[in-house]
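Report on the following structure.
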Amino acid sequence: MRVKGTGWVGLLLPVLFLVVFFYVPVANLLREGLTRDGSFSLEFMRRILTDDYFQHVILFTLWQALLSTVASIVLGLPLAYILTHYDFPLKRVIRSLTIVPFVLPAITVALGFALLFGRNGYLNQVLMHLFGLSEPPLPIMYSVAGIVLAHAFYNAPIITRTVHAAWERLDPRYEESARALGASPWYVFKDVTLPMILPGLLSGAALVFIFCFLSFPIVLSVGGGRFSTIEVEIYIRVVTQLDPQLVNYKIGAALALVGLVLSLGMTYIYLRVQGSFARQTEQLRPRPTAPLFVGLRDFVRPTKIFLWLYVLFTLLVFVGPVGAIVADSLWEDGRWTLRWYSYIFTPDYEALLGDSPLRAILNSIGFGLGATALAVPLGLIFASVIVRGRWGGRRLLDTLLMAPVATSSIVLAFALLRTFNAPPFRMVGTAYAVIIAHAVIIFPFVVRALVPVLEGLDLKVVEMARSLGASRLRALREIELPLVARGLIAGAVFAFALSLGEMSATLMLARPGLNTMPVAVYRFLSQHSLGAPSAMSTVMILVSALAFVALERLGERALKL
Amino acid sequence: MLRRAALCTLLIGLGLAVSTSFSVAQAGEGAKLVVYVYDSFVAWGPAKFIKTEFEKRNPGVEVEFVATGPSRAMLARLVQETQSGGTPADVFLGEINDVPKAKQFGLFAPLNESDIPNLQTVSKALLFDPERTLIPYEHGFITLVYDSQKLTPEELPKTFAELTKPQYQKKLIIQDARTSSVGHAFLLWTIYNYGNLGYLDYWKQLLPTILTIQPGWSAAYKLFTKGEAPMVVSFSTDACFDARYKPLLPNSQGYRTIFGAGIVKTTDNPKLSRAFLDFLLSVEVQEKLPSTEVMFPANSQARLPKEWETCAVIPSRPVMLPLDLVAENDDRWLDEWARLVVTGR
Amino acid sequence: MRITLRDITKRFGATVALESISLEVGDGELIALVGPSGCGKTTILRLIAGFETPDSGDILFDGQSVLGVPPERRKVGLVFQNYALFPHMNVFQNVAYGLKFAKGGGGRAERVHELLDLVGLKGLEKRMPSELSAGQQQRVALARALAPHPQVLLLDEPLSALDAKLRERLRLEIKKIQRALKITTIYVTHDQEEALAVADRVAVMSVARLEQVGSPQEVYHAPATDFVAQFIGQGNLLRGHIVHSEGETIILAVGGTRIRAHTRESIPPDSAITALVRPERIRLNEPAENVLMGTVRGKEFAGDAWHIHVETPAGVVVVKMGKNTVVEGDVVQVGFSASDVYILTDRRSPPTP
């Protein structure tokens, strides 16, 4: 892990990769926002920043991202608490599954939300029936509330995962000291626990904020056309508006630039804040966990009742929409049916989709593994340089390399389409284009997952192993790799999930025969066959859930954890 | 560890480079016809039939449909590609309201009857574009569609004006005019009735009636059939798919929507492309359109399925704005419309 | 305040952490809980602090059961080995934290200054924990624990993370402060030397059990069990068997030599037996009741003394001497009196510590 000569040569690889497949293409596209008739002009920037419509859009984008982040924290934090403090059956599986929402295409989530929270959704129907109402009481869909809740559905698991990781590492003696000093559990949480898990919480929240800031299919589908964000405007202007002077296209590029600057700014602030946090002393005692289910008496304790209410609410928000999709795929005209499953697996539809669902499953997994295999070594090189390096501008480089996260997915998809459409990389419609696109998108996440792990790695351990006679390779395999393995696996699984769920770039770059599961869902949705997209979504949920559990287990076994 | 990771990356990169050059080399060979088309045509339209039959008739030819979005997104993609190194597309199928826009970019080759013999079968009523850059192959009527189990005929609004009544609050699902051709047609329809000056006022009154503005027709229709609202903007032929959902013609009108096919100027396969268009207009393909696209064929010789006599409604007053007028004002209309629905002002 | 542990048993799953522990800590007393790691001493501390609940038995403060009283209402001061100073608060905020919950309030700043004065950290109020040395952190932890006037002070290995010099200085200071405040204190440590040095009384624990409670002198000189004899201080173990027994005096055969010892037990002749002799009770080349012949095999300089390793027929015997009068290879007499021989009663060969 030490950076000697190889470090600088090694650093060239990830940087070169991003420059070729990200910076140059994206910069080429964004440049449009700053030029007019071929020369530099701030006209489009000025237009955006002075027009009250765009001001409205920018403010709404920030506002909904903020609300969504808060909602994700409110929903994700208690789950992190439960995972940290309690033991229950299938805990590991459930922890692996928290990442599933992440891969679901927005259209599936929107549909699940409509089925559950819509005016005619299960929830409103039940409430109307219970209280004898004539109008649906909960106007969740087609409102800011719906957008926020759907964003929380996607992103609360990120909060849960980052906070759970931080909380598990928190030495319980800090809290016990506060308790002994007279602080009630609430004060302990407020004064001690919260500030100490804050770095984890902040890193999760920053990511969630950026995701919500850049989200657009959820805003389009759950919110509907009455809501617009920067990303929605980019989509509409770059993808569907046509004028010979490319005014809309240029406005879209300018908007993307504004969005990029805002989200990169947030990334930079987040990296700074995180770096300035005091490190806690090394943890000597693992946190104790208690069984969640102890017996009937404990079941109705007031504190536990709050817990159950939360669990119930979480089930409604997380499992509910997924359950609604599954039910929709199995239910037709008042009876259970497997019709939609036989329908989507009928070879008859292969040519129409360009892909059979089976093929889409294999493609998804293949692209995911390919992109992960490409991004993980690149990320490893970059992360170790960032961690070990002590030079100025390191954080700036770190921020810049986060840019693929902070970039509008539409812009990225279009930029890559342009790149892969011209020499020397003319490979639109090949698997490589899709894999490279996915690798660009997931690269920053691999880096983010690895940096804290590498920071925590004690170099003395490696030196010790070598002094005991282990070769460099052996020390790598037997000492370093197992030590960073957990972080490596977590990063790889997250990256894999992102690749599975990616749709904008895939749709743009893939040709028939190369479509993925989300694209198949999208295809089925534009059919009259109502249950088919739900059936395909269900297949996708099952496949990705299995993939995550298997990947975590196999990874752990391979790295001997 | 670094050395290893670097090596690993190099190997992968090398592998990619080698296999890329291989696949690029392959791409030029064989006669491949690339057709850019809106997504629903591929998903449940007649694409499979066309591909199989056309390939059968032209041995050695492969038809590839590229459908990554709605009609307008495909057109935008075509523009993007033409301006950044060329497009692989030979043929484009899309909504005719975008024709004037496409013309500004000079994307398509003008066509005539000697190129496409079947063009003479197309009803003259559909030939809005004198240069025939996109030749119509199917058409239909945008109307409102209602759920007959939720609304009785007496409860239905008869006119656009009635649609704004409080009793219809949150009862209508529409599509985004900027992303969906159906939504676009609906906007043009209101402009047809309320004019360039009055349509925004009408939309202001219409907003409470609208439950949601969905990005595409399929999402909107799905919500409609799931009972979210009893009315949706859709096609006059929807009852042919499910009799429960019946067309509702405000002001007794239906807004004409026409889909046309054109040949991309830069194509390497002009002959094959013309053959493809001709095949698209053949009776054989045209008679497939009602059952797959749920649209009327453009070929006047094509027969409609028997049940269409009752289920497919042809409005007594089909309306459509002149394409020139649309071309001239569309960007402004869409912009004003978006400002209104997003900000409410 | 008086603390009473009455017949406490605590299990964690299948493992028994504490078995029938009864202990009485007097008002203002400093008692050291000493034992090998994992013996359950920290669990006792956590039970008293209220972080754990006993499976059976009772815990009383001044005769009142505190079972069911949450930790924050037990008025205990707690200092951990890692100090657990809140890393996001400065020294002042750390020390003042407990005062936030004390009744009355008022005079918070004075109380903080008073305590920082007491632990000798005046002027460091604004420092963050990460800017303090380990010793300073320890003092802050102590000041923080004492600030809200606790009734009991619980110290969990408070000095284990410090270097030897600092450890010795701080344990004296802790004792001084404890005396001055007259606060009942339980001091958990695995270091028997530290326990003997600071405590009024020492409670020695083996795994899950209390072996002996007594003054430092008692546990050192009159260990109640083999375990205590083993654990407290250094000891030379002599294995042999009884050849003669006469009242409280017995004669042992050890490595071909006979030695005399005292025991209150009656042990049948020919029993195999292990005896213990403290290194500092042994004299070299001086007349004594018991004498073993041996050869010097090694020497260690320990500053205040020399540790001489002598190979005898009974095994290697360590002798602690003030002067360095022998050289390696010297043949020497190892001598000690009968009253300094302690007989391990269970006669098993004791575990090597």
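Labels used: A, B, ... for chains in the order of the structure tokens, numbers from 1 for residues in each chain, and numbers from 1 for ligands as shown.
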Contacts of segment 46-49 of chain C within 7 Å, only C-alpha atoms, excl. fewer than 2 positions in-chain, as a count of residues only = 11
Residues of chain A within 6 Å of chain C, counting only C-alpha atoms - could you list those as an mmCIF file with N, CA and C atoms, in the first residue's frame?
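And here is the file that came out, out.cif:
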data_model
loop_
_atom_site.group_PDB
_atom_site.id
_atom_site.type_symbol
_atom_site.label_atom_id
_atom_site.label_comp_id
_atom_site.auth_asym_id
_atom_site.auth_seq_id
_atom_site.Cartn_x
_atom_site.Cartn_y
_atom_site.Cartn_z
ATOM 1 N N TYR A 174 -17.883 5.796 25.793
ATOM 2 C CA TYR A 174 -18.192 7.224 25.734
ATOM 3 C C TYR A 174 -19.588 7.471 26.266
ATOM 4 N N ARG A 179 -23.543 8.693 30.716
ATOM 5 C CA ARG A 179 -24.635 8.150 31.517
ATOM 6 C C ARG A 179 -24.293 8.256 32.987
ATOM 7 N N ALA A 180 -23.074 7.841 33.339
ATOM 8 C CA ALA A 180 -22.660 7.880 34.736
ATOM 9 C C ALA A 180 -22.612 9.315 35.249
ATOM 10 N N LEU A 181 -22.377 10.257 34.334
ATOM 11 C CA LEU A 181 -22.325 11.660 34.753
ATOM 12 C C LEU A 181 -23.717 12.240 34.927
ATOM 13 N N GLY A 182 -24.733 11.431 34.720
ATOM 14 C CA GLY A 182 -26.083 11.880 34.992
ATOM 15 C C GLY A 182 -26.922 12.166 33.768
ATOM 16 N N ALA A 183 -26.381 11.902 32.569
ATOM 17 C CA ALA A 183 -27.153 12.192 31.370
ATOM 18 C C ALA A 183 -28.171 11.085 31.116
#
Can you pull out every residue within 8 Å of Ile410 of chain A, counting only C-alpha atoms, but drop anything in the same chain fewer than 2 positions away, and send it as a list in words?
-> Glu231, Ile234, Tyr235, Ser408, Leu412, Ala413, Phe414, Ser504 and Ala505 of chain A
Between atom CA of Met266 of chain A and atom CA of Gln64 of chain A - distance in Å to one decimal = 15.7 Å
Pick from B:Ala327, B:Ala31, B:Leu119, B:Val182 nearest to chain A, counting only C-alpha atoms |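 For chain A, the nearest of the given residues is B:Ala327.
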Quick one: residues within 9 Å of Met45 of chain A, only C-alpha atoms counted, chain neighbours fewer than 4 positions away excluded, as a list in words?
->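 Listing them by chain and then by number gives Gly33, Leu34, Ser41, Leu49, Thr50, Ile251, Ala254, Leu255, Leu257 and Val258 of chain A.
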Write a file of the selected residues as a CSV table (one decimal), in the first residue's frame, keeping N, CA and C atoms.
chain,number,residue,atom,x,y,z
A,33,GLY,N,-22.5,25.5,-22.9
A,33,GLY,CA,-23.2,26.4,-22.0
A,33,GLY,C,-22.5,27.8,-21.9
A,34,LEU,N,-21.2,27.8,-22.3
A,34,LEU,CA,-20.4,29.0,-22.1
A,34,LEU,C,-20.0,29.6,-23.4
A,41,SER,N,-19.0,33.1,-24.0
A,41,SER,CA,-20.1,34.0,-23.7
A,41,SER,C,-20.8,33.6,-22.4
A,49,LEU,N,-29.6,32.6,-14.5
A,49,LEU,CA,-29.5,33.2,-13.2
A,49,LEU,C,-30.4,34.4,-13.0
A,50,THR,N,-30.9,35.0,-14.1
A,50,THR,CA,-31.7,36.1,-13.9
A,50,THR,C,-33.2,35.8,-14.2
A,251,ILE,N,-28.8,26.1,-23.0
A,251,ILE,CA,-29.4,26.3,-21.7
A,251,ILE,C,-29.2,25.1,-20.8
A,254,ALA,N,-25.7,24.9,-19.7
A,254,ALA,CA,-25.4,25.9,-18.7
A,254,ALA,C,-26.0,25.4,-17.3
A,255,LEU,N,-27.2,24.9,-17.4
A,255,LEU,CA,-27.9,24.4,-16.2
A,255,LEU,C,-27.0,23.3,-15.6
A,257,LEU,N,-23.9,22.9,-15.8
A,257,LEU,CA,-22.8,23.5,-15.2
A,257,LEU,C,-23.1,24.0,-13.8
A,258,VAL,N,-24.2,24.7,-13.7
A,258,VAL,CA,-24.6,25.2,-12.4
A,258,VAL,C,-24.8,24.1,-11.4
Please identify which residues in segment 79-211 of chain B DSSP calls helix (DSSP H, G or I) from the backbone, and express them as an MDAnalysis selection string.
-> chainID B and resid 79:83 96:105 117:121 124:126 153:155 162:164 166:168 181:209
Within 7 Å of Tyr245 of chain B, counting only C-alpha atoms, which residues qualify if same-chain residues fewer than 6 places away don't, as an MDAnalysis selection string?
-> chainID B and resid 145:148 238:239
Emit the selected residues as an mmCIF file, in the first residue's frame, including N, CA and C atoms.
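Result went into result.cif, see below:
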data_model
loop_
_atom_site.group_PDB
_atom_site.id
_atom_site.type_symbol
_atom_site.label_atom_id
_atom_site.label_comp_id
_atom_site.auth_asym_id
_atom_site.auth_seq_id
_atom_site.Cartn_x
_atom_site.Cartn_y
_atom_site.Cartn_z
ATOM 1 N N VAL B 145 -59.974 9.879 -22.666
ATOM 2 C CA VAL B 145 -60.515 8.541 -22.482
ATOM 3 C C VAL B 145 -60.975 8.457 -21.043
ATOM 4 N N TYR B 146 -62.171 7.869 -20.841
ATOM 5 C CA TYR B 146 -62.664 7.800 -19.462
ATOM 6 C C TYR B 146 -62.945 6.357 -19.066
ATOM 7 N N ASP B 147 -62.973 6.163 -17.769
ATOM 8 C CA ASP B 147 -63.236 4.842 -17.205
ATOM 9 C C ASP B 147 -64.740 4.712 -17.026
ATOM 10 N N SER B 148 -65.369 3.835 -17.833
ATOM 11 C CA SER B 148 -66.832 3.763 -17.822
ATOM 12 C C SER B 148 -67.369 3.169 -16.519
ATOM 13 N N ASP B 238 -58.744 3.508 -28.026
ATOM 14 C CA ASP B 238 -58.405 2.731 -26.848
ATOM 15 C C ASP B 238 -59.428 1.660 -26.485
ATOM 16 N N ALA B 239 -60.686 1.922 -26.819
ATOM 17 C CA ALA B 239 -61.721 0.949 -26.470
ATOM 18 C C ALA B 239 -61.487 -0.380 -27.183
#
Strand (DSSP E or B) residues, from DSSP on the backbone, in segment 1-201 of chain C, as an NGL selection string | :C and (3-12 or 15-25 or 30-34 or 56-61 or 64-65 or 76-79 or 152-156 or 184-189 or 201)
Just the selected residues (C-alpha atoms), exported as a short mmCIF file (atom, residue, chain, number, x, y, z; two decimals), in the first residue's frame, please.
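Generated output (part_13.cif):
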data_model
loop_
_atom_site.label_atom_id
_atom_site.label_comp_id
_atom_site.auth_asym_id
_atom_site.auth_seq_id
_atom_site.Cartn_x
_atom_site.Cartn_y
_atom_site.Cartn_z
CA ILE C 3 -21.76 -0.37 48.97
CA THR C 4 -22.97 -3.87 49.50
CA LEU C 5 -22.94 -6.62 46.91
CA ARG C 6 -25.11 -9.46 48.09
CA ASP C 7 -24.71 -12.85 46.47
CA ILE C 8 -24.45 -11.53 42.92
CA THR C 9 -24.56 -13.91 39.98
CA LYS C 10 -24.29 -12.75 36.39
CA ARG C 11 -24.24 -14.78 33.22
CA PHE C 12 -23.61 -13.74 29.63
CA THR C 15 -20.63 -18.11 30.35
CA VAL C 16 -20.82 -17.34 34.04
CA ALA C 17 -19.24 -13.93 34.55
CA LEU C 18 -19.80 -13.71 38.30
CA GLU C 19 -20.75 -16.41 40.72
CA SER C 20 -22.16 -15.60 44.17
CA ILE C 21 -20.14 -12.49 44.75
CA SER C 22 -20.61 -10.79 48.08
CA LEU C 23 -18.61 -7.74 48.97
CA GLU C 24 -18.91 -4.85 51.36
CA VAL C 25 -17.19 -1.56 50.64
CA LEU C 30 -10.69 2.62 48.54
CA ILE C 31 -10.97 -0.97 47.55
CA ALA C 32 -8.97 -2.46 44.69
CA LEU C 33 -10.50 -5.23 42.61
CA VAL C 34 -7.62 -7.16 41.21
CA SER C 56 -29.64 -12.80 41.03
CA GLY C 57 -28.53 -11.04 44.18
CA ASP C 58 -28.77 -7.44 45.23
CA ILE C 59 -26.72 -4.28 45.15
CA LEU C 60 -27.20 -1.79 47.96
CA PHE C 61 -25.99 1.77 48.41
CA GLN C 64 -30.88 0.75 49.85
CA SER C 65 -31.20 -1.51 46.85
CA VAL C 76 -21.35 7.28 40.37
CA GLY C 77 -18.18 8.76 38.94
CA LEU C 78 -16.60 6.62 36.27
CA VAL C 79 -13.09 6.62 34.79
CA VAL C 152 -18.93 6.48 44.51
CA LEU C 153 -15.89 6.63 42.29
CA LEU C 154 -15.42 3.69 39.95
CA LEU C 155 -12.04 3.44 38.27
CA ASP C 156 -11.70 0.83 35.53
CA THR C 184 -15.94 5.51 48.41
CA THR C 185 -13.84 4.18 45.56
CA ILE C 186 -13.61 0.93 43.67
CA TYR C 187 -10.42 0.61 41.71
CA VAL C 188 -10.26 -2.15 39.12
CA THR C 189 -6.84 -3.23 37.97
CA ARG C 201 -8.31 -3.22 51.06
#
Who sits within 10 Å of Ser537 of chain A, only C-alpha atoms, same chain under 2 positions skipped, as a list in words =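 Everything that qualifies: Leu104, Pro105, Ile107, Thr108, Val109, Val322, Ile325, Val326, Ser329, Met517, Pro518, Ala520, Val521, Tyr522, Phe524, Gly531, Ala532, Pro533, Ser534, Ala535, Val539, Met540, Ile541, Leu542 and Val543 of chain A.
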Give me a file of those residues, with N, CA and C atoms, as a PDB file, in the first residue's frame.
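What landed in out28.pdb:
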ATOM      1  N   LEU A 104     -33.414  -0.289  -7.970  1.00  0.00           N
ATOM      2  CA  LEU A 104     -34.698  -0.282  -8.653  1.00  0.00           C
ATOM      3  C   LEU A 104     -34.805   0.904  -9.600  1.00  0.00           C
ATOM      4  N   PRO A 105     -35.278   0.681 -10.812  1.00  0.00           N
ATOM      5  CA  PRO A 105     -35.471   1.806 -11.724  1.00  0.00           C
ATOM      6  C   PRO A 105     -36.538   2.735 -11.155  1.00  0.00           C
ATOM      7  N   ILE A 107     -38.880   4.186 -12.538  1.00  0.00           N
ATOM      8  CA  ILE A 107     -40.241   3.920 -13.016  1.00  0.00           C
ATOM      9  C   ILE A 107     -40.899   2.835 -12.170  1.00  0.00           C
ATOM     10  N   THR A 108     -40.109   1.864 -11.725  1.00  0.00           N
ATOM     11  CA  THR A 108     -40.665   0.822 -10.866  1.00  0.00           C
ATOM     12  C   THR A 108     -41.077   1.410  -9.526  1.00  0.00           C
ATOM     13  N   VAL A 109     -40.189   2.232  -8.958  1.00  0.00           N
ATOM     14  CA  VAL A 109     -40.485   2.836  -7.663  1.00  0.00           C
ATOM     15  C   VAL A 109     -41.724   3.724  -7.779  1.00  0.00           C
ATOM     16  N   VAL A 322     -42.363  -2.239  -2.757  1.00  0.00           N
ATOM     17  CA  VAL A 322     -41.853  -3.448  -3.390  1.00  0.00           C
ATOM     18  C   VAL A 322     -42.935  -4.529  -3.378  1.00  0.00           C
ATOM     19  N   ILE A 325     -45.534  -3.918  -5.961  1.00  0.00           N
ATOM     20  CA  ILE A 325     -45.071  -4.317  -7.296  1.00  0.00           C
ATOM     21  C   ILE A 325     -45.213  -5.838  -7.463  1.00  0.00           C
ATOM     22  N   VAL A 326     -44.752  -6.564  -6.441  1.00  0.00           N
ATOM     23  CA  VAL A 326     -44.825  -8.027  -6.512  1.00  0.00           C
ATOM     24  C   VAL A 326     -46.282  -8.455  -6.637  1.00  0.00           C
ATOM     25  N   SER A 329     -47.667  -7.935  -9.985  1.00  0.00           N
ATOM     26  CA  SER A 329     -47.199  -8.872 -11.004  1.00  0.00           C
ATOM     27  C   SER A 329     -47.921 -10.217 -10.908  1.00  0.00           C
ATOM     28  N   MET A 517     -31.522  -5.202 -17.049  1.00  0.00           N
ATOM     29  CA  MET A 517     -32.822  -5.375 -16.396  1.00  0.00           C
ATOM     30  C   MET A 517     -33.629  -4.085 -16.315  1.00  0.00           C
ATOM     31  N   PRO A 518     -33.027  -2.962 -15.865  1.00  0.00           N
ATOM     32  CA  PRO A 518     -33.854  -1.751 -15.818  1.00  0.00           C
ATOM     33  C   PRO A 518     -34.372  -1.346 -17.196  1.00  0.00           C
ATOM     34  N   ALA A 520     -35.100  -3.392 -19.565  1.00  0.00           N
ATOM     35  CA  ALA A 520     -36.211  -4.300 -19.861  1.00  0.00           C
ATOM     36  C   ALA A 520     -37.490  -3.836 -19.166  1.00  0.00           C
ATOM     37  N   VAL A 521     -37.337  -3.391 -17.907  1.00  0.00           N
ATOM     38  CA  VAL A 521     -38.507  -2.878 -17.186  1.00  0.00           C
ATOM     39  C   VAL A 521     -39.092  -1.685 -17.949  1.00  0.00           C
ATOM     40  N   TYR A 522     -38.221  -0.812 -18.361  1.00  0.00           N
ATOM     41  CA  TYR A 522     -38.632   0.386 -19.103  1.00  0.00           C
ATOM     42  C   TYR A 522     -39.372  -0.002 -20.379  1.00  0.00           C
ATOM     43  N   PHE A 524     -40.944  -2.852 -20.986  1.00  0.00           N
ATOM     44  CA  PHE A 524     -42.241  -3.459 -20.681  1.00  0.00           C
ATOM     45  C   PHE A 524     -43.258  -2.412 -20.270  1.00  0.00           C
ATOM     46  N   GLY A 531     -49.238  -5.976 -16.300  1.00  0.00           N
ATOM     47  CA  GLY A 531     -48.481  -6.643 -15.246  1.00  0.00           C
ATOM     48  C   GLY A 531     -47.039  -6.915 -15.613  1.00  0.00           C
ATOM     49  N   ALA A 532     -46.702  -6.768 -16.893  1.00  0.00           N
ATOM     50  CA  ALA A 532     -45.365  -7.170 -17.332  1.00  0.00           C
ATOM     51  C   ALA A 532     -44.232  -6.370 -16.694  1.00  0.00           C
ATOM     52  N   PRO A 533     -44.339  -5.029 -16.646  1.00  0.00           N
ATOM     53  CA  PRO A 533     -43.236  -4.308 -15.996  1.00  0.00           C
ATOM     54  C   PRO A 533     -43.087  -4.707 -14.530  1.00  0.00           C
ATOM     55  N   SER A 534     -44.223  -4.965 -13.862  1.00  0.00           N
ATOM     56  CA  SER A 534     -44.148  -5.384 -12.467  1.00  0.00           C
ATOM     57  C   SER A 534     -43.466  -6.736 -12.352  1.00  0.00           C
ATOM     58  N   ALA A 535     -43.797  -7.640 -13.277  1.00  0.00           N
ATOM     59  CA  ALA A 535     -43.166  -8.955 -13.245  1.00  0.00           C
ATOM     60  C   ALA A 535     -41.666  -8.825 -13.482  1.00  0.00           C
ATOM     61  N   VAL A 539     -38.594  -9.759 -10.961  1.00  0.00           N
ATOM     62  CA  VAL A 539     -37.438 -10.575 -11.329  1.00  0.00           C
ATOM     63  C   VAL A 539     -36.156  -9.823 -10.990  1.00  0.00           C
ATOM     64  N   MET A 540     -36.155  -8.545 -11.309  1.00  0.00           N
ATOM     65  CA  MET A 540     -34.967  -7.735 -11.051  1.00  0.00           C
ATOM     66  C   MET A 540     -34.667  -7.647  -9.556  1.00  0.00           C
ATOM     67  N   ILE A 541     -35.716  -7.447  -8.754  1.00  0.00           N
ATOM     68  CA  ILE A 541     -35.516  -7.362  -7.297  1.00  0.00           C
ATOM     69  C   ILE A 541     -34.914  -8.669  -6.792  1.00  0.00           C
ATOM     70  N   LEU A 542     -35.479  -9.779  -7.242  1.00  0.00           N
ATOM     71  CA  LEU A 542     -34.997 -11.088  -6.791  1.00  0.00           C
ATOM     72  C   LEU A 542     -33.539 -11.295  -7.198  1.00  0.00           C
ATOM     73  N   VAL A 543     -33.265 -11.024  -8.473  1.00  0.00           N
ATOM     74  CA  VAL A 543     -31.905 -11.266  -8.965  1.00  0.00           C
ATOM     75  C   VAL A 543     -30.908 -10.390  -8.223  1.00  0.00           C
TER      76      VAL A 543
END
Selection: 9 Å around Val342 of chain B, only C-alpha atoms, excl. self and same-chain fewer than 3 positions, as a list in words =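 Residues near the query, excluding close chain neighbours: Tyr53, His56, Val57, Gly225, Arg226, Phe227 and Ser228 of chain A; Trp337, Ala338, Arg339 and Arg345 of chain B.
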One decimal, Å: what's the distance from atom CA of Leu210 of chain C over to atom CA of Arg171 of chain C, could you say?
->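 Those two atoms sit 23.6 Å apart.
Rounded to one decimal, atom CA of Glu95 of chain B and atom CA of Ser181 of chain B lie 7.0 Å from each other.
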